[in-house]
$ cat query-v7.txt   # compact mmCIF, N, CA and C atoms
# COMPACT_ATOMS: atom_id res chain seq x y z
N GLN A 1021 -44.74 119.82 -34.01
CA GLN A 1021 -43.67 120.10 -34.96
C GLN A 1021 -43.21 121.55 -34.77
N GLU A 1022 -41.88 121.70 -34.71
CA GLU A 1022 -41.33 123.03 -34.51
C GLU A 1022 -41.39 123.82 -35.81
N LEU A 1023 -41.83 125.06 -35.69
CA LEU A 1023 -42.02 125.86 -36.89
C LEU A 1023 -41.74 127.32 -36.62
N LEU A 1024 -40.90 127.91 -37.48
CA LEU A 1024 -40.64 129.34 -37.48
C LEU A 1024 -41.04 129.87 -38.85
N VAL A 1025 -41.97 130.82 -38.87
CA VAL A 1025 -42.48 131.33 -40.13
C VAL A 1025 -42.29 132.83 -40.18
N GLU A 1026 -41.47 133.27 -41.13
CA GLU A 1026 -41.21 134.69 -41.30
C GLU A 1026 -42.23 135.32 -42.25
N SER A 1027 -42.44 136.60 -42.04
CA SER A 1027 -43.28 137.37 -42.94
C SER A 1027 -42.83 138.82 -42.90
N GLY A 1028 -43.33 139.60 -43.85
CA GLY A 1028 -43.07 141.03 -43.84
C GLY A 1028 -42.03 141.50 -44.83
N GLY A 1029 -41.38 140.58 -45.51
CA GLY A 1029 -40.40 140.99 -46.50
C GLY A 1029 -41.07 141.59 -47.72
N GLY A 1030 -40.26 142.15 -48.60
CA GLY A 1030 -40.80 142.73 -49.82
C GLY A 1030 -39.83 143.68 -50.45
N LEU A 1031 -40.36 144.48 -51.36
CA LEU A 1031 -39.58 145.47 -52.08
C LEU A 1031 -39.82 146.85 -51.49
N VAL A 1032 -38.75 147.56 -51.22
CA VAL A 1032 -38.86 148.89 -50.64
C VAL A 1032 -37.79 149.78 -51.26
N GLN A 1033 -38.08 151.05 -51.36
CA GLN A 1033 -37.09 151.98 -51.88
C GLN A 1033 -36.06 152.32 -50.82
N ALA A 1034 -34.89 152.68 -51.26
CA ALA A 1034 -33.84 153.10 -50.33
C ALA A 1034 -34.35 154.22 -49.43
N GLY A 1035 -34.02 154.09 -48.15
CA GLY A 1035 -34.51 155.05 -47.17
C GLY A 1035 -35.81 154.65 -46.51
N GLY A 1036 -36.44 153.62 -47.04
CA GLY A 1036 -37.72 153.17 -46.50
C GLY A 1036 -37.57 152.24 -45.31
N SER A 1037 -38.70 151.71 -44.88
CA SER A 1037 -38.75 150.84 -43.70
C SER A 1037 -39.54 149.57 -44.00
N LEU A 1038 -39.20 148.53 -43.27
CA LEU A 1038 -39.95 147.29 -43.28
C LEU A 1038 -39.96 146.71 -41.88
N ARG A 1039 -40.99 145.95 -41.57
CA ARG A 1039 -41.06 145.26 -40.29
C ARG A 1039 -41.25 143.78 -40.56
N LEU A 1040 -40.25 143.01 -40.18
CA LEU A 1040 -40.33 141.57 -40.32
C LEU A 1040 -40.91 140.95 -39.06
N SER A 1041 -41.63 139.86 -39.25
CA SER A 1041 -42.18 139.12 -38.12
C SER A 1041 -41.84 137.65 -38.26
N CYS A 1042 -41.73 137.00 -37.13
CA CYS A 1042 -41.48 135.55 -37.11
C CYS A 1042 -42.44 134.94 -36.10
N ALA A 1043 -43.32 134.10 -36.59
CA ALA A 1043 -44.27 133.40 -35.73
C ALA A 1043 -43.71 132.03 -35.41
N VAL A 1044 -43.69 131.69 -34.13
CA VAL A 1044 -43.04 130.47 -33.67
C VAL A 1044 -44.06 129.54 -33.03
N SER A 1045 -43.97 128.27 -33.37
CA SER A 1045 -44.86 127.29 -32.76
C SER A 1045 -44.09 125.99 -32.53
N GLY A 1046 -44.62 125.17 -31.64
CA GLY A 1046 -44.05 123.86 -31.40
C GLY A 1046 -42.89 123.82 -30.43
N ILE A 1047 -42.50 124.96 -29.87
CA ILE A 1047 -41.45 125.00 -28.86
C ILE A 1047 -41.90 125.90 -27.71
N THR A 1048 -41.23 125.78 -26.58
CA THR A 1048 -41.49 126.70 -25.47
C THR A 1048 -40.71 127.97 -25.75
N PHE A 1049 -41.40 128.92 -26.35
CA PHE A 1049 -40.77 130.10 -26.92
C PHE A 1049 -39.87 130.82 -25.92
N SER A 1050 -40.31 130.94 -24.70
CA SER A 1050 -39.57 131.71 -23.70
C SER A 1050 -38.27 131.04 -23.28
N ASN A 1051 -38.02 129.82 -23.71
CA ASN A 1051 -36.74 129.14 -23.41
C ASN A 1051 -35.66 129.46 -24.43
N TYR A 1052 -36.02 130.21 -25.45
CA TYR A 1052 -35.10 130.42 -26.57
C TYR A 1052 -34.77 131.90 -26.77
N ALA A 1053 -33.47 132.16 -26.93
CA ALA A 1053 -33.08 133.44 -27.49
C ALA A 1053 -33.44 133.41 -28.97
N MET A 1054 -33.79 134.56 -29.50
CA MET A 1054 -34.22 134.64 -30.90
C MET A 1054 -33.34 135.63 -31.65
N GLY A 1055 -33.25 135.41 -32.94
CA GLY A 1055 -32.42 136.32 -33.71
C GLY A 1055 -32.82 136.35 -35.17
N TRP A 1056 -32.25 137.33 -35.84
CA TRP A 1056 -32.42 137.47 -37.29
C TRP A 1056 -31.06 137.43 -37.95
N SER A 1057 -30.98 136.65 -38.98
CA SER A 1057 -29.77 136.52 -39.76
C SER A 1057 -30.14 136.82 -41.21
N ARG A 1058 -29.17 137.20 -42.01
CA ARG A 1058 -29.46 137.48 -43.41
C ARG A 1058 -28.35 136.93 -44.29
N GLN A 1059 -28.74 136.65 -45.53
CA GLN A 1059 -27.77 136.17 -46.50
C GLN A 1059 -28.07 136.79 -47.85
N ALA A 1060 -27.10 137.48 -48.38
CA ALA A 1060 -27.21 138.06 -49.71
C ALA A 1060 -26.51 137.13 -50.70
N PRO A 1061 -26.88 137.18 -51.98
CA PRO A 1061 -26.25 136.31 -52.97
C PRO A 1061 -24.74 136.47 -52.98
N GLY A 1062 -24.04 135.35 -52.90
CA GLY A 1062 -22.59 135.37 -52.95
C GLY A 1062 -21.92 135.78 -51.66
N LYS A 1063 -22.71 135.98 -50.62
CA LYS A 1063 -22.14 136.39 -49.34
C LYS A 1063 -22.47 135.38 -48.25
N GLU A 1064 -21.67 135.41 -47.19
CA GLU A 1064 -21.94 134.51 -46.07
C GLU A 1064 -23.13 135.03 -45.25
N ARG A 1065 -23.77 134.09 -44.58
CA ARG A 1065 -24.87 134.48 -43.70
C ARG A 1065 -24.30 135.24 -42.52
N GLU A 1066 -24.97 136.32 -42.12
CA GLU A 1066 -24.54 137.09 -40.97
C GLU A 1066 -25.72 137.37 -40.06
N PHE A 1067 -25.44 137.31 -38.77
CA PHE A 1067 -26.47 137.67 -37.81
C PHE A 1067 -26.53 139.19 -37.74
N VAL A 1068 -27.77 139.73 -37.75
CA VAL A 1068 -27.92 141.17 -37.65
C VAL A 1068 -28.48 141.61 -36.31
N ALA A 1069 -29.23 140.74 -35.64
CA ALA A 1069 -29.84 141.12 -34.37
C ALA A 1069 -30.23 139.88 -33.59
N SER A 1070 -30.14 139.98 -32.27
CA SER A 1070 -30.65 138.91 -31.43
C SER A 1070 -31.22 139.50 -30.15
N ILE A 1071 -32.07 138.72 -29.51
CA ILE A 1071 -32.75 139.18 -28.30
C ILE A 1071 -32.79 138.04 -27.30
N SER A 1072 -32.63 138.37 -26.05
CA SER A 1072 -32.59 137.36 -25.00
C SER A 1072 -33.98 136.77 -24.75
N ARG A 1073 -33.98 135.70 -24.00
CA ARG A 1073 -35.23 135.01 -23.70
C ARG A 1073 -36.27 135.95 -23.11
N SER A 1074 -35.82 136.78 -22.20
CA SER A 1074 -36.75 137.69 -21.52
C SER A 1074 -37.05 138.95 -22.32
N GLY A 1075 -36.22 139.22 -23.32
CA GLY A 1075 -36.37 140.43 -24.11
C GLY A 1075 -35.63 141.62 -23.56
N THR A 1076 -34.94 141.45 -22.45
CA THR A 1076 -34.28 142.60 -21.83
C THR A 1076 -32.95 142.95 -22.49
N ASN A 1077 -32.31 141.99 -23.11
CA ASN A 1077 -31.01 142.23 -23.75
C ASN A 1077 -31.10 142.01 -25.25
N THR A 1078 -30.41 142.88 -25.98
CA THR A 1078 -30.36 142.77 -27.43
C THR A 1078 -28.94 142.98 -27.92
N ASP A 1079 -28.64 142.42 -29.07
CA ASP A 1079 -27.35 142.62 -29.74
C ASP A 1079 -27.62 142.94 -31.20
N TYR A 1080 -26.75 143.77 -31.76
CA TYR A 1080 -26.88 144.14 -33.16
C TYR A 1080 -25.53 144.11 -33.85
N ALA A 1081 -25.56 143.75 -35.12
CA ALA A 1081 -24.36 143.91 -35.93
C ALA A 1081 -24.09 145.40 -36.12
N ASP A 1082 -22.82 145.75 -36.24
CA ASP A 1082 -22.47 147.16 -36.40
C ASP A 1082 -23.15 147.78 -37.60
N SER A 1083 -23.34 146.99 -38.63
CA SER A 1083 -23.90 147.51 -39.88
C SER A 1083 -25.35 147.95 -39.75
N VAL A 1084 -26.03 147.51 -38.69
CA VAL A 1084 -27.45 147.85 -38.57
C VAL A 1084 -27.78 148.61 -37.30
N LYS A 1085 -26.79 148.83 -36.45
CA LYS A 1085 -27.04 149.54 -35.19
C LYS A 1085 -27.63 150.92 -35.46
N GLY A 1086 -28.64 151.25 -34.71
CA GLY A 1086 -29.30 152.54 -34.89
C GLY A 1086 -30.38 152.53 -35.94
N ARG A 1087 -30.43 151.49 -36.76
CA ARG A 1087 -31.45 151.41 -37.82
C ARG A 1087 -32.43 150.27 -37.60
N PHE A 1088 -31.96 149.17 -37.02
CA PHE A 1088 -32.80 148.00 -36.79
C PHE A 1088 -33.13 147.88 -35.31
N THR A 1089 -34.33 147.40 -35.03
CA THR A 1089 -34.74 147.13 -33.66
C THR A 1089 -35.42 145.77 -33.61
N ILE A 1090 -34.91 144.91 -32.74
CA ILE A 1090 -35.51 143.60 -32.55
C ILE A 1090 -36.37 143.63 -31.29
N SER A 1091 -37.49 142.93 -31.35
CA SER A 1091 -38.37 142.85 -30.19
C SER A 1091 -39.06 141.49 -30.19
N ARG A 1092 -39.62 141.13 -29.06
CA ARG A 1092 -40.32 139.85 -28.97
C ARG A 1092 -41.55 140.01 -28.08
N ASP A 1093 -42.52 139.16 -28.32
CA ASP A 1093 -43.73 139.09 -27.51
C ASP A 1093 -43.88 137.65 -27.06
N ASN A 1094 -43.50 137.38 -25.83
CA ASN A 1094 -43.54 135.99 -25.34
C ASN A 1094 -44.96 135.47 -25.16
N ALA A 1095 -45.92 136.37 -25.06
CA ALA A 1095 -47.31 135.93 -24.96
C ALA A 1095 -47.85 135.47 -26.31
N LYS A 1096 -47.29 136.02 -27.38
CA LYS A 1096 -47.77 135.68 -28.73
C LYS A 1096 -46.79 134.83 -29.51
N ASN A 1097 -45.67 134.47 -28.89
CA ASN A 1097 -44.66 133.65 -29.57
C ASN A 1097 -44.21 134.26 -30.89
N THR A 1098 -43.93 135.55 -30.83
CA THR A 1098 -43.48 136.22 -32.04
C THR A 1098 -42.24 137.06 -31.76
N VAL A 1099 -41.46 137.25 -32.79
CA VAL A 1099 -40.31 138.13 -32.74
C VAL A 1099 -40.35 139.02 -33.99
N HIS A 1100 -39.97 140.27 -33.81
CA HIS A 1100 -40.05 141.23 -34.90
C HIS A 1100 -38.71 141.89 -35.14
N LEU A 1101 -38.54 142.37 -36.35
CA LEU A 1101 -37.36 143.16 -36.69
C LEU A 1101 -37.84 144.39 -37.43
N GLN A 1102 -37.75 145.53 -36.78
CA GLN A 1102 -38.09 146.80 -37.41
C GLN A 1102 -36.84 147.32 -38.09
N MET A 1103 -36.93 147.58 -39.39
CA MET A 1103 -35.78 148.01 -40.17
C MET A 1103 -36.10 149.37 -40.78
N ASN A 1104 -35.29 150.34 -40.44
CA ASN A 1104 -35.50 151.71 -40.92
C ASN A 1104 -34.31 152.19 -41.73
N ASN A 1105 -34.56 153.20 -42.55
CA ASN A 1105 -33.50 153.84 -43.31
C ASN A 1105 -32.69 152.80 -44.10
N LEU A 1106 -33.38 152.02 -44.86
CA LEU A 1106 -32.75 150.89 -45.55
C LEU A 1106 -31.98 151.34 -46.79
N PRO A 1107 -30.72 150.96 -46.90
CA PRO A 1107 -29.96 151.16 -48.14
C PRO A 1107 -30.00 149.88 -48.98
N PRO A 1108 -29.64 149.96 -50.25
CA PRO A 1108 -29.64 148.74 -51.09
C PRO A 1108 -28.79 147.60 -50.52
N GLU A 1109 -27.79 147.96 -49.72
CA GLU A 1109 -26.90 146.92 -49.17
C GLU A 1109 -27.61 146.00 -48.18
N ASP A 1110 -28.79 146.37 -47.75
CA ASP A 1110 -29.55 145.52 -46.84
C ASP A 1110 -30.36 144.46 -47.59
N THR A 1111 -30.29 144.47 -48.90
CA THR A 1111 -30.99 143.45 -49.69
C THR A 1111 -30.43 142.07 -49.36
N ALA A 1112 -31.32 141.17 -48.97
CA ALA A 1112 -30.90 139.82 -48.58
C ALA A 1112 -32.14 139.00 -48.25
N ASN A 1113 -31.91 137.73 -48.07
CA ASN A 1113 -32.94 136.85 -47.52
C ASN A 1113 -32.74 136.84 -46.00
N TYR A 1114 -33.80 137.17 -45.27
CA TYR A 1114 -33.70 137.29 -43.82
C TYR A 1114 -34.33 136.07 -43.16
N PHE A 1115 -33.58 135.51 -42.23
CA PHE A 1115 -33.99 134.28 -41.56
C PHE A 1115 -34.16 134.51 -40.07
N CYS A 1116 -35.20 133.92 -39.53
CA CYS A 1116 -35.43 133.89 -38.10
C CYS A 1116 -34.75 132.66 -37.51
N ALA A 1117 -34.16 132.80 -36.33
CA ALA A 1117 -33.46 131.68 -35.71
C ALA A 1117 -33.78 131.63 -34.22
N ALA A 1118 -33.76 130.42 -33.69
CA ALA A 1118 -34.00 130.19 -32.27
C ALA A 1118 -32.86 129.36 -31.70
N GLN A 1119 -32.39 129.75 -30.54
CA GLN A 1119 -31.32 129.04 -29.85
C GLN A 1119 -31.68 128.92 -28.38
N ARG A 1120 -31.69 127.69 -27.90
CA ARG A 1120 -32.02 127.49 -26.49
C ARG A 1120 -30.88 128.01 -25.63
N ARG A 1121 -31.23 128.82 -24.64
CA ARG A 1121 -30.25 129.41 -23.76
C ARG A 1121 -30.67 129.17 -22.33
N THR A 1122 -29.66 129.07 -21.45
CA THR A 1122 -29.93 128.72 -20.06
C THR A 1122 -30.53 129.88 -19.28
N TYR A 1123 -29.99 131.07 -19.51
CA TYR A 1123 -30.39 132.21 -18.69
C TYR A 1123 -31.25 133.19 -19.46
N ASP A 1124 -32.16 133.83 -18.73
CA ASP A 1124 -33.07 134.79 -19.35
C ASP A 1124 -32.34 135.92 -20.06
N ARG A 1125 -31.17 136.29 -19.56
CA ARG A 1125 -30.46 137.46 -20.08
C ARG A 1125 -29.63 137.17 -21.33
N ASP A 1126 -29.47 135.91 -21.66
CA ASP A 1126 -28.55 135.54 -22.75
C ASP A 1126 -29.17 135.76 -24.12
N THR A 1127 -28.44 136.46 -24.97
CA THR A 1127 -28.83 136.58 -26.36
C THR A 1127 -28.25 135.39 -27.14
N ILE A 1128 -28.40 135.41 -28.42
CA ILE A 1128 -27.91 134.28 -29.24
C ILE A 1128 -26.39 134.26 -29.23
N ARG A 1129 -25.86 133.06 -29.08
CA ARG A 1129 -24.43 132.85 -29.22
C ARG A 1129 -24.19 132.54 -30.70
N THR A 1130 -23.77 133.57 -31.44
CA THR A 1130 -23.78 133.47 -32.90
C THR A 1130 -22.81 132.44 -33.44
N ARG A 1131 -21.79 132.09 -32.66
CA ARG A 1131 -20.85 131.07 -33.14
C ARG A 1131 -21.32 129.66 -32.80
N GLY A 1132 -22.42 129.56 -32.09
CA GLY A 1132 -22.96 128.25 -31.77
C GLY A 1132 -24.00 127.80 -32.78
N GLU A 1133 -24.44 126.59 -32.62
CA GLU A 1133 -25.47 126.06 -33.51
C GLU A 1133 -26.83 126.62 -33.11
N MET A 1134 -27.63 126.89 -34.12
CA MET A 1134 -29.01 127.27 -33.87
C MET A 1134 -29.85 126.00 -33.74
N ASP A 1135 -30.86 126.07 -32.91
CA ASP A 1135 -31.74 124.91 -32.77
C ASP A 1135 -32.77 124.85 -33.89
N TYR A 1136 -33.24 126.03 -34.30
CA TYR A 1136 -34.26 126.06 -35.35
C TYR A 1136 -34.05 127.28 -36.23
N TRP A 1137 -34.40 127.09 -37.49
CA TRP A 1137 -34.36 128.17 -38.48
C TRP A 1137 -35.71 128.26 -39.20
N GLY A 1138 -36.04 129.49 -39.59
CA GLY A 1138 -37.16 129.65 -40.49
C GLY A 1138 -36.72 129.49 -41.93
N GLN A 1139 -37.67 129.62 -42.83
CA GLN A 1139 -37.39 129.44 -44.26
C GLN A 1139 -36.90 130.71 -44.93
N GLY A 1140 -37.08 131.84 -44.27
CA GLY A 1140 -36.57 133.09 -44.81
C GLY A 1140 -37.63 133.93 -45.49
N THR A 1141 -37.39 135.23 -45.50
CA THR A 1141 -38.23 136.17 -46.22
C THR A 1141 -37.32 137.15 -46.94
N GLN A 1142 -37.62 137.40 -48.20
CA GLN A 1142 -36.73 138.22 -49.02
C GLN A 1142 -37.01 139.69 -48.80
N VAL A 1143 -35.94 140.43 -48.61
CA VAL A 1143 -36.00 141.89 -48.53
C VAL A 1143 -35.17 142.45 -49.68
N THR A 1144 -35.79 143.28 -50.49
CA THR A 1144 -35.10 143.91 -51.61
C THR A 1144 -35.25 145.42 -51.49
N VAL A 1145 -34.11 146.09 -51.46
CA VAL A 1145 -34.10 147.54 -51.34
C VAL A 1145 -33.60 148.11 -52.66
N SER A 1146 -34.43 148.89 -53.31
CA SER A 1146 -34.07 149.46 -54.60
C SER A 1146 -33.45 150.84 -54.40
N SER A 1147 -32.52 151.15 -55.29
CA SER A 1147 -31.83 152.45 -55.19
C SER A 1147 -32.58 153.53 -55.95
$ encode --input "query-v7.txt" --output "structure tokens"
Amino acid sequence: QELLVESGGGLVQAGGSLRLSCAVSGITFSNYAMGWSRQAPGKEREFVASISRSGTNTDYADSVKGRFTISRDNAKNTVHLQMNNLPPEDTANYFCAAQRRTYDRDTIRTRGEMDYWGQGTQVTVSS
């Protein structure tokens, strides 16, 4: 059974940091580009970061560039999102996503369908 399980969310003060993790099982992890998406109440879901199958290429939303870093460990089937200098606007439910991609260099095609989603982990940034 395919499973994506996020962890690491919580409450943090503005300016603080959090590191999210996503543990993946039931799929051939290295065949999938991975990404993090978030959804705040009343807002549409947006992708904030993605990483290619090999880990060599990454993409970030403009709103998080320079503050978030996505990484993956293909030996441990995990993907991480390091989030620094968090403002209250980053408060949202963060979801891990997997998308099968043909080439090692390809990151997530955000307008395409995701193959798998996690259940989400809540991040709350207090002012």
$ atom_distance --input "query-v7.txt" --atom1 "CA of Ala1053 in chain A" --atom2 "atom C of Phe1067 in chain A"
13.5 Å
$ atom_distance --input "query-v7.txt" --atom1 "atom N of Glu1133 in chain A" --atom2 "atom C of Asn1094 in chain A"
23.6 Å
$ residues_around --input "query-v7.txt" --residues "range 1096-1106 of chain A" --least-positions-apart "3" --cutoff "7 Å" --atoms "only C-alpha atoms" --output "count of residues only"
21
$ residues_around --input "query-v7.txt" --residues "Tyr1123 in chain A" --least-positions-apart "2" --cutoff "9 Å" --atoms "only C-alpha atoms" --output "VMD selection string"
chain A and resid 1051 1072 to 1074 1121 1125 to 1127
$ atom_distance --input "query-v7.txt" --atom1 "CA of Gln1139 in chain A" --atom2 "atom C of Cys1116 in chain A"
7.9 Å
$ residues_around --input "query-v7.txt" --residues "Gln1142 in chain A" --least-positions-apart "4" --cutoff "5 Å" --atoms "only N, CA and C atoms" --output "list in words"
Gly1029, Gly1030, Ala1112, Asn1113 and Tyr1114 of chain A
$ axis_aligned_box --input "query-v7.txt" --around "range 1084-1103 of chain A" --padding-each-side "3 Å" --output "JSON"
{"center_x": -36.9, "center_y": 143.1, "center_z": -32.9, "size_x": 27.8, "size_y": 24.9, "size_z": 21.8}
$ closest_residue --input "query-v7.txt" --among "A:Ala1118, A:Ile1071, A:Met1134, A:Val1084" --to "Leu1024 in chain A" --atoms "only N, CA and C atoms"
A:Ala1118
$ select_by_dssp --input "query-v7.txt" --residues "chain A" --states "strand (DSSP E or B)" --output "ChimeraX atom specification"
/A:1023-1027,1030-1033,1038-1045,1052-1059,1066-1071,1078-1080,1088-1093,1098-1103,1112-1120,1136-1137,1141-1146
$ closest_residue --input "query-v7.txt" --among "A:Lys1063, A:Val1032, A:Tyr1080, A:Trp1056" --to "Gln1119 in chain A" --atoms "only C-alpha atoms"
A:Trp1056
$ closest_residue --input "query-v7.txt" --among "A:Thr1130, A:Ser1147, A:Ser1057, A:Thr1078" --to "Ala1117 in chain A" --atoms "all atoms listed in the file"
A:Ser1057
$ select_by_dssp --input "query-v7.txt" --residues "chain A" --states "helix (DSSP H, G or I)" --output "number ranges by chain"
A: 1049-1051, 1108-1110
$ write_last_selection --input "query-v7.txt" --atoms "N, CA and C atoms" --output "mmCIF file, keeping the file's coordinate frame"
data_model
loop_
_atom_site.group_PDB
_atom_site.id
_atom_site.type_symbol
_atom_site.label_atom_id
_atom_site.label_comp_id
_atom_site.auth_asym_id
_atom_site.auth_seq_id
_atom_site.Cartn_x
_atom_site.Cartn_y
_atom_site.Cartn_z
ATOM 1 N N PHE A 1049 -41.400 128.920 -26.350
ATOM 2 C CA PHE A 1049 -40.770 130.100 -26.920
ATOM 3 C C PHE A 1049 -39.870 130.820 -25.920
ATOM 4 N N SER A 1050 -40.310 130.940 -24.700
ATOM 5 C CA SER A 1050 -39.570 131.710 -23.700
ATOM 6 C C SER A 1050 -38.270 131.040 -23.280
ATOM 7 N N ASN A 1051 -38.020 129.820 -23.710
ATOM 8 C CA ASN A 1051 -36.740 129.140 -23.410
ATOM 9 C C ASN A 1051 -35.660 129.460 -24.430
ATOM 10 N N PRO A 1108 -29.640 149.960 -50.250
ATOM 11 C CA PRO A 1108 -29.640 148.740 -51.090
ATOM 12 C C PRO A 1108 -28.790 147.600 -50.520
ATOM 13 N N GLU A 1109 -27.790 147.960 -49.720
ATOM 14 C CA GLU A 1109 -26.900 146.920 -49.170
ATOM 15 C C GLU A 1109 -27.610 146.000 -48.180
ATOM 16 N N ASP A 1110 -28.790 146.370 -47.750
ATOM 17 C CA ASP A 1110 -29.550 145.520 -46.840
ATOM 18 C C ASP A 1110 -30.360 144.460 -47.590
#
